[in-house]
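Heads up, the thing below is written out as structure tokens.
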Amino acid sequence: MAVITIDGKTLDVPENKNVLECALEAGIYIPHLCHHKDLSPLGSCRMCVVEVEGEDQVTTACTLKARDGLRIHTKTPEVERLRMLALELLLTGHPEDCSTCPKYGNCELQMLIQYIGPKTGRLKMRTKGFRPKEENPLILHDMNRCVLCGRCVRACNELRGVKVLNYQKKEMETYVGTLHDKLLKDADCRFCGACVEVCPTGTIRDKVLNQEVKKEDAVVPCRYACPAHTDIPRYIRHVKNGEYDEAAAVIREKVPFPNALGHICTHTCELECKRKEVNEAMSIRDIKRYAAEHDTGSLWKGKGKQLPDTGKKVCVAGGGPAGLTAAYYLRKQGHAVTIKEALPTPGGMMAYGIPSYRLPREIIADEVKVIEDQGVQIEVNAKVEKPEELLKEYDAVLMAIGGHKGVRLPMEGSGLNGVIINTDFLRAVSLGNETGLGKKVIVLGGGNVAFDCARTAKRLGAEEIHLACLEARDVMTADGEEIEQAQEEGIFVHPAQTFERITGTDHVTGVDFMNVKSFTFDENRRAIIEKEEGSEHHIDADTVIFAVGQRPDITEEAGLELGRGNSIKVKDMEQDKSTSVPGIFAAGDAVYGTKSVIMAIESGREAASQIDRYLGGDGDISEILAPVKKPEPYIGQCPGFGYAQRKQPAIDPPEDRGSHFGPFDHGICESDICAEAGRCLQCDLRLQISRPSLWGDFAESKEV
């Protein structure tokens, strides 16, 4: 250690530590611009100059090493004169109008000007004349605003080791760019965003960053887009390193069904993945699946959170993803939990709505067993009709009954023989019961469930299958891969169609359609449909399957206030899942309608937290299952990184998959999984970069 004095204040500091950092950590502000805590000191901006007693010349505090006996002055007239001169030199090549800069109000240079004082205008201004570089994905370069602090160069070369950015020269101007002015993608940029994060001006900035959410959510949009906020970059990094147990444990910190989600998750995270701006989004769902399939459970089995028994009892009505999730976390909080499931096995729509060729039933059974092993009791064939009566035995009740009742449109012919409802059809198939399916089938609807019905009909031997929906092809609600795979299997897809009538006398003979010219909704969410004149046409069929939505199988006789579409009303969809009856809560599809498994899981988590607080707990259901370690910031060079193609799963050809209910999508293979995980931009590394030390953060400096 060394004893130094700064402006009369004595400090004990590590010997050889740079004086600027010593001062800032002690609450003494010394102005600076090129300095950054995470980067090597440079001293180029000359803002941090100080006088040292016994030395003739001023020196930069960021390059001055602490040694015993140093006496430093930061605010002498000479120091302030030199700072002003250095600032004026920086500003001669900087645009005068700051108000047009997107970083206005959040610019370190602007704050420095406010601290040191207004520029005097003694030096002649010059225009650099650089054209802002907007061709790169994610990152915009405007070298007209650059003050050559060198932070971006050091971040790229030293902190990340990517070594794409360096000082270049054009005529008489020095600027920061790539060799030969290559596009970042061609220069093998990793698009980690470190250069953007450390830039103190508006020179290097994000092209698109959601300003309406917290910074950590905007910087890592995949994690924010996941309803359960699974730490996606963290588990992808583990997969890249071959650490599958660690990756699976990270996933299980938020969701109890990693393998099921690896097969059927709607992967909203991929829609927000920044990598798609470079070329193709990460295959996040398949990476999750690989981790789950190769997990031994060594990091979480028997090692997770389990609080002591509270003596409180909770009944969960419904054994789908929302109910199972809530039960799992409530048990971990110490409550005794019983699930009452109306059907013969737990799983909800995972077991009775999603066909087995997409989600093998043994996966559901294995993941339900984890919940049972935690101590949750599951009763099957036990439908809850009067939830309020359960309060005589239980301290709280959760209604997570899902949306198992299909919708029959009130149209001509809807009551004919041969008309089937989606939920009834898929449940019958799952139970091995007779479905009443004919040879020529028309499915009405354009969501994932509609395609599940159509593709299931194909596997049951239907000879001709048509699927029609109101929406145009580009706005159909089904996943693109579902639509494409169905068409590969020979299913005819008819978007932008009205359902005029189902024809037939005693039995279905077909459906009359018209083409949709436009389809919108008014302010009350009522459909406004404009039909194309003279476009009437007919398709023959002996079976029609309604797949236009589902709703909860509940009536007002249950004693709960219901909302639109038979949904169970709660006080607040996110903040308060309590119903009209005290002690009864609701979650999942029964509250908000048919969405997705991952949304049901998050709804179950929220319900568990709220019920735990209702029962006297703190509501904290969080847990850490995988070791937490700071990832290596030095990611290094990766030739061709920007052009690395998304690895595709192994999928059986249509002629081999359309006749059976076995799995046909086998995920990403072992030889490709590391490469796919290696495509990740590692956006979360940016959040580890230290925030700058601004003069407004220091009480002493505010008096200046």
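Naming works like this for the structure tokens: A, B, ... for the chains as they're shown, residue 1 at the start of each chain, ligands 1 onward in shown order.
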
Within 10 Å of Gly662 (chain A), counting only C-alpha atoms, which residues qualify if same-chain residues fewer than 3 places away don't, as number ranges by chain? A: 355-360, 657-659, 665

What's the 9 Å shell around Pro233 (chain A), counting only C-alpha atoms, without same-chain residues fewer than 2 positions away, as an MDAnalysis selection string? chainID A and resid 220 222:223 230:231 235:238 680:684

Would you mind telling me which residue in A:Asp373, A:Glu602, A:Asp522, A:Glu632 lies nearest to Arg686 (chain A) when using only C-alpha atoms?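 Checking each of A:Asp373, A:Glu602, A:Asp522, A:Glu632 against Arg686 (chain A), counting only C-alpha atoms, the winner is A:Glu632.
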
Hey, what's within 10 Å of Phe492 (chain A) if we count only C-alpha atoms and toss same-chain stuff fewer than 3 positions away? As a PDB file with N, CA and C atoms, in the first residue's frame, please?
```pdb
ATOM      1  N   ILE A 442     -61.568 -31.023 -43.935  1.00  0.00           N
ATOM      2  CA  ILE A 442     -61.298 -29.589 -43.980  1.00  0.00           C
ATOM      3  C   ILE A 442     -61.140 -29.100 -42.546  1.00  0.00           C
ATOM      4  N   ALA A 454     -54.728 -30.896 -38.599  1.00  0.00           N
ATOM      5  CA  ALA A 454     -54.547 -31.307 -39.991  1.00  0.00           C
ATOM      6  C   ALA A 454     -53.472 -32.383 -40.111  1.00  0.00           C
ATOM      7  N   GLU A 464     -57.269 -36.707 -48.156  1.00  0.00           N
ATOM      8  CA  GLU A 464     -57.184 -35.341 -48.677  1.00  0.00           C
ATOM      9  C   GLU A 464     -57.509 -34.381 -47.532  1.00  0.00           C
ATOM     10  N   ILE A 465     -56.612 -33.445 -47.290  1.00  0.00           N
ATOM     11  CA  ILE A 465     -56.788 -32.532 -46.148  1.00  0.00           C
ATOM     12  C   ILE A 465     -56.584 -31.104 -46.611  1.00  0.00           C
ATOM     13  N   HIS A 466     -57.567 -30.268 -46.305  1.00  0.00           N
ATOM     14  CA  HIS A 466     -57.486 -28.839 -46.600  1.00  0.00           C
ATOM     15  C   HIS A 466     -57.538 -28.063 -45.279  1.00  0.00           C
ATOM     16  N   LEU A 467     -56.804 -26.969 -45.220  1.00  0.00           N
ATOM     17  CA  LEU A 467     -56.860 -26.080 -44.053  1.00  0.00           C
ATOM     18  C   LEU A 467     -57.131 -24.671 -44.561  1.00  0.00           C
ATOM     19  N   ALA A 468     -58.158 -24.020 -44.012  1.00  0.00           N
ATOM     20  CA  ALA A 468     -58.537 -22.681 -44.464  1.00  0.00           C
ATOM     21  C   ALA A 468     -58.666 -21.745 -43.268  1.00  0.00           C
ATOM     22  N   ILE A 483     -46.465 -24.482 -40.830  1.00  0.00           N
ATOM     23  CA  ILE A 483     -47.127 -24.319 -42.126  1.00  0.00           C
ATOM     24  C   ILE A 483     -46.337 -25.030 -43.218  1.00  0.00           C
ATOM     25  N   ALA A 486     -46.450 -28.856 -42.882  1.00  0.00           N
ATOM     26  CA  ALA A 486     -47.767 -29.379 -43.266  1.00  0.00           C
ATOM     27  C   ALA A 486     -47.904 -29.439 -44.785  1.00  0.00           C
ATOM     28  N   GLN A 487     -47.460 -28.380 -45.450  1.00  0.00           N
ATOM     29  CA  GLN A 487     -47.548 -28.371 -46.914  1.00  0.00           C
ATOM     30  C   GLN A 487     -46.650 -29.444 -47.521  1.00  0.00           C
ATOM     31  N   GLU A 488     -45.499 -29.664 -46.915  1.00  0.00           N
ATOM     32  CA  GLU A 488     -44.616 -30.737 -47.389  1.00  0.00           C
ATOM     33  C   GLU A 488     -45.303 -32.096 -47.285  1.00  0.00           C
ATOM     34  N   GLU A 489     -46.158 -32.238 -46.279  1.00  0.00           N
ATOM     35  CA  GLU A 489     -46.840 -33.510 -46.053  1.00  0.00           C
ATOM     36  C   GLU A 489     -48.091 -33.667 -46.925  1.00  0.00           C
ATOM     37  N   PRO A 495     -55.202 -19.681 -47.253  1.00  0.00           N
ATOM     38  CA  PRO A 495     -55.357 -18.473 -46.436  1.00  0.00           C
ATOM     39  C   PRO A 495     -56.372 -17.518 -47.047  1.00  0.00           C
TER      40      PRO A 495
END
```

Where in region 563-601 of chain A does DSSP assign alpha helix (DSSP H), given as JSON, numbers by chain? {"A": [589, 590, 591, 592, 597, 598, 599, 600, 601]}
